[in-house]
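Have a look at start-v9.pdb below; it lists PDB, C-alpha atoms.
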ATOM      1  CA  MET A   8       0.582  36.656  29.591  1.00  0.00           C
ATOM      2  CA  GLU A   9      -0.354  37.701  26.052  1.00  0.00           C
ATOM      3  CA  THR A  10       3.035  36.580  24.753  1.00  0.00           C
ATOM      4  CA  PHE A  11       2.579  33.165  26.351  1.00  0.00           C
ATOM      5  CA  LYS A  12      -0.812  32.738  24.644  1.00  0.00           C
ATOM      6  CA  LYS A  13       0.647  33.682  21.259  1.00  0.00           C
ATOM      7  CA  VAL A  14       3.527  31.237  21.673  1.00  0.00           C
ATOM      8  CA  LEU A  15       1.114  28.545  22.772  1.00  0.00           C
ATOM      9  CA  LYS A  16      -1.051  29.127  19.680  1.00  0.00           C
ATOM     10  CA  VAL A  17       1.985  28.927  17.389  1.00  0.00           C
ATOM     11  CA  VAL A  18       3.112  25.701  19.040  1.00  0.00           C
ATOM     12  CA  ALA A  19      -0.409  24.264  18.741  1.00  0.00           C
ATOM     13  CA  VAL A  20      -0.524  25.081  15.019  1.00  0.00           C
ATOM     14  CA  ILE A  21       2.887  23.460  14.460  1.00  0.00           C
ATOM     15  CA  VAL A  22       1.808  20.337  16.354  1.00  0.00           C
ATOM     16  CA  ALA A  23      -1.424  20.131  14.349  1.00  0.00           C
ATOM     17  CA  ILE A  24       0.454  20.403  11.058  1.00  0.00           C
ATOM     18  CA  ALA A  25       2.954  17.742  12.162  1.00  0.00           C
ATOM     19  CA  ALA A  26       0.111  15.420  13.173  1.00  0.00           C
ATOM     20  CA  ALA A  27      -1.599  15.878   9.811  1.00  0.00           C
ATOM     21  CA  ILE A  28       1.633  15.103   7.954  1.00  0.00           C
ATOM     22  CA  ALA A  29       2.192  12.007  10.106  1.00  0.00           C
ATOM     23  CA  GLY A  30      -1.357  10.817   9.433  1.00  0.00           C
ATOM     24  CA  ILE A  31      -0.953  11.239   5.700  1.00  0.00           C
ATOM     25  CA  TYR A  32       2.375   9.389   5.825  1.00  0.00           C
ATOM     26  CA  VAL A  33       0.839   6.437   7.686  1.00  0.00           C
ATOM     27  CA  ALA A  34      -2.117   6.268   5.289  1.00  0.00           C
ATOM     28  CA  VAL A  35       0.087   6.363   2.200  1.00  0.00           C
ATOM     29  CA  THR A  36       2.453   3.687   3.521  1.00  0.00           C
ATOM     30  CA  LYS A  37      -0.485   1.394   4.312  1.00  0.00           C
ATOM     31  CA  ILE A  38      -1.881   1.851   0.808  1.00  0.00           C
ATOM     32  CA  ILE A  39       1.523   1.118  -0.727  1.00  0.00           C
ATOM     33  CA  GLU A  40       1.929  -2.010   1.429  1.00  0.00           C
ATOM     34  CA  LYS A  41      -1.498  -3.294   0.365  1.00  0.00           C
ATOM     35  CA  LYS A  42      -0.620  -2.771  -3.304  1.00  0.00           C
ATOM     36  CA  LYS A  43       2.702  -4.566  -2.850  1.00  0.00           C
ATOM     37  CA  LEU A  44       0.985  -7.509  -1.156  1.00  0.00           C
ATOM     38  CA  LYS A  45      -1.632  -7.675  -3.885  1.00  0.00           C
ATOM     39  CA  ASN A  46       1.017  -7.662  -6.618  1.00  0.00           C
ATOM     40  CA  ALA A  47       3.135 -10.225  -4.765  1.00  0.00           C
ATOM     41  CA  ASP A  48       0.183 -12.629  -4.612  1.00  0.00           C
ATOM     42  CA  ASP A  49      -0.321 -12.346  -8.355  1.00  0.00           C
ATOM     43  CA  ARG A  50       3.291 -13.317  -9.040  1.00  0.00           C
ATOM     44  CA  VAL A  51       3.274 -16.219  -6.597  1.00  0.00           C
ATOM     45  CA  ASN A  52       0.085 -17.717  -8.037  1.00  0.00           C
ATOM     46  CA  TYR A  53       1.165 -17.262 -11.655  1.00  0.00           C
ATOM     47  CA  VAL A  54       1.060 -20.431 -13.750  1.00  0.00           C
ATOM     48  CA  SER A  55       2.585 -20.392 -17.179  1.00  0.00           C
ATOM     49  CA  CYS A  56       0.546 -21.791 -20.034  1.00  0.00           C
ATOM     50  CA  ALA A  57       3.662 -22.809 -21.949  1.00  0.00           C
ATOM     51  CA  SER A  58       4.315 -26.529 -22.080  1.00  0.00           C
ATOM     52  CA  LEU A  59       7.899 -27.761 -22.006  1.00  0.00           C
ATOM     53  CA  GLU A  60       6.964 -31.342 -22.929  1.00  0.00           C
ATOM     54  CA  GLY A  61       4.783 -30.561 -25.921  1.00  0.00           C
ATOM     55  CA  ASP A  62       1.556 -31.601 -24.170  1.00  0.00           C
ATOM     56  CA  TYR A  63      -0.793 -29.471 -26.249  1.00  0.00           C
ATOM     57  CA  ASP A  64      -3.937 -31.464 -25.382  1.00  0.00           C
ATOM     58  CA  PHE A  65      -4.092 -29.967 -21.918  1.00  0.00           C
ATOM     59  CA  ILE A  66      -7.592 -28.885 -20.900  1.00  0.00           C
ATOM     60  CA  SER A  67      -7.883 -26.346 -18.115  1.00  0.00           C
ATOM     61  CA  GLU A  68      -9.924 -27.385 -15.102  1.00  0.00           C
ATOM     62  CA  THR A  69     -11.543 -23.966 -15.016  1.00  0.00           C
ATOM     63  CA  VAL A  70     -13.113 -24.404 -18.457  1.00  0.00           C
ATOM     64  CA  ALA A  71     -16.299 -26.457 -18.353  1.00  0.00           C
TER      65      ALA A  71
END
Show me the file's structure as structure tokens.
Amino acid sequence: METFKKVLKVVAVIVAIAAAIAGIYVAVTKIIEKKKLKNADDRVNYVSCASLEGDYDFISETVA
């Protein structure tokens, strides 16, 4: 009976360590996905200020 309890404790420790590693993995992947989405939005919404037609009198709508 003592051997069974020792084996059970070892298995419980291994399962706890595996669960902690899995939790860290999930958290890190979610953080990386959020950063990728944030960076992707910046590239999609990028507007170049360079004018190909030479229209240098352009006034931005965001400037009052």
Taking all atoms of segment 26-42 of chain A that the file lists and extending 8 Å past them on each side, where is the centre of the axis-aligned box and how long are its edges? Answer in Å to one decimal, as JSON.
{"center_x": 0.2, "center_y": 6.3, "center_z": 4.9, "size_x": 20.6, "size_y": 35.2, "size_z": 32.5}
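Taking atom CA of Ile21 of chain A and atom CA of Glu9 of chain A as endpoints, the distance between them is 18.6 Å.
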Provide the atom CA of Ala34 of chain A to atom CA of Val20 of chain A distance in Å, to one decimal place.
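Going from atom CA of Ala34 of chain A over to atom CA of Val20 of chain A covers 21.2 Å.
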To one decimal place, how far is atom CA of Val17 of chain A from atom CA of Gly30 of chain A in Å?
20.1 Å
Since the input is missing atoms, can you rebuild N, CA and C atoms for segment 10-21 of chain A and write them as an mmCIF file, in the frame of the given file?
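Written out: selection_10.cif:
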data_model
loop_
_atom_site.group_PDB
_atom_site.id
_atom_site.type_symbol
_atom_site.label_atom_id
_atom_site.label_comp_id
_atom_site.auth_asym_id
_atom_site.auth_seq_id
_atom_site.Cartn_x
_atom_site.Cartn_y
_atom_site.Cartn_z
ATOM 1 N N THR A 10 1.959 37.209 25.515
ATOM 2 C CA THR A 10 3.035 36.580 24.753
ATOM 3 C C THR A 10 2.965 35.067 24.900
ATOM 4 N N PHE A 11 2.689 34.597 26.100
ATOM 5 C CA PHE A 11 2.579 33.165 26.351
ATOM 6 C C PHE A 11 1.453 32.550 25.521
ATOM 7 N N LYS A 12 0.321 33.236 25.434
ATOM 8 C CA LYS A 12 -0.812 32.738 24.644
ATOM 9 C C LYS A 12 -0.469 32.675 23.164
ATOM 10 N N LYS A 13 0.252 33.678 22.664
ATOM 11 C CA LYS A 13 0.647 33.682 21.259
ATOM 12 C C LYS A 13 1.606 32.542 20.957
ATOM 13 N N VAL A 14 2.563 32.334 21.844
ATOM 14 C CA VAL A 14 3.527 31.237 21.673
ATOM 15 C C VAL A 14 2.805 29.900 21.727
ATOM 16 N N LEU A 15 1.881 29.777 22.641
ATOM 17 C CA LEU A 15 1.114 28.545 22.772
ATOM 18 C C LEU A 15 0.292 28.262 21.504
ATOM 19 N N LYS A 16 -0.294 29.294 20.920
ATOM 20 C CA LYS A 16 -1.051 29.127 19.680
ATOM 21 C C LYS A 16 -0.143 28.695 18.536
ATOM 22 N N VAL A 17 1.037 29.298 18.444
ATOM 23 C CA VAL A 17 1.985 28.927 17.389
ATOM 24 C C VAL A 17 2.419 27.472 17.557
ATOM 25 N N VAL A 18 2.710 27.079 18.774
ATOM 26 C CA VAL A 18 3.112 25.701 19.040
ATOM 27 C C VAL A 18 1.959 24.745 18.705
ATOM 28 N N ALA A 19 0.750 25.110 19.035
ATOM 29 C CA ALA A 19 -0.409 24.264 18.741
ATOM 30 C C ALA A 19 -0.597 24.095 17.234
ATOM 31 N N VAL A 20 -0.399 25.160 16.470
ATOM 32 C CA VAL A 20 -0.524 25.081 15.019
ATOM 33 C C VAL A 20 0.564 24.173 14.448
ATOM 34 N N ILE A 21 1.785 24.302 14.943
ATOM 35 C CA ILE A 21 2.887 23.460 14.460
ATOM 36 C C ILE A 21 2.626 21.994 14.780
#
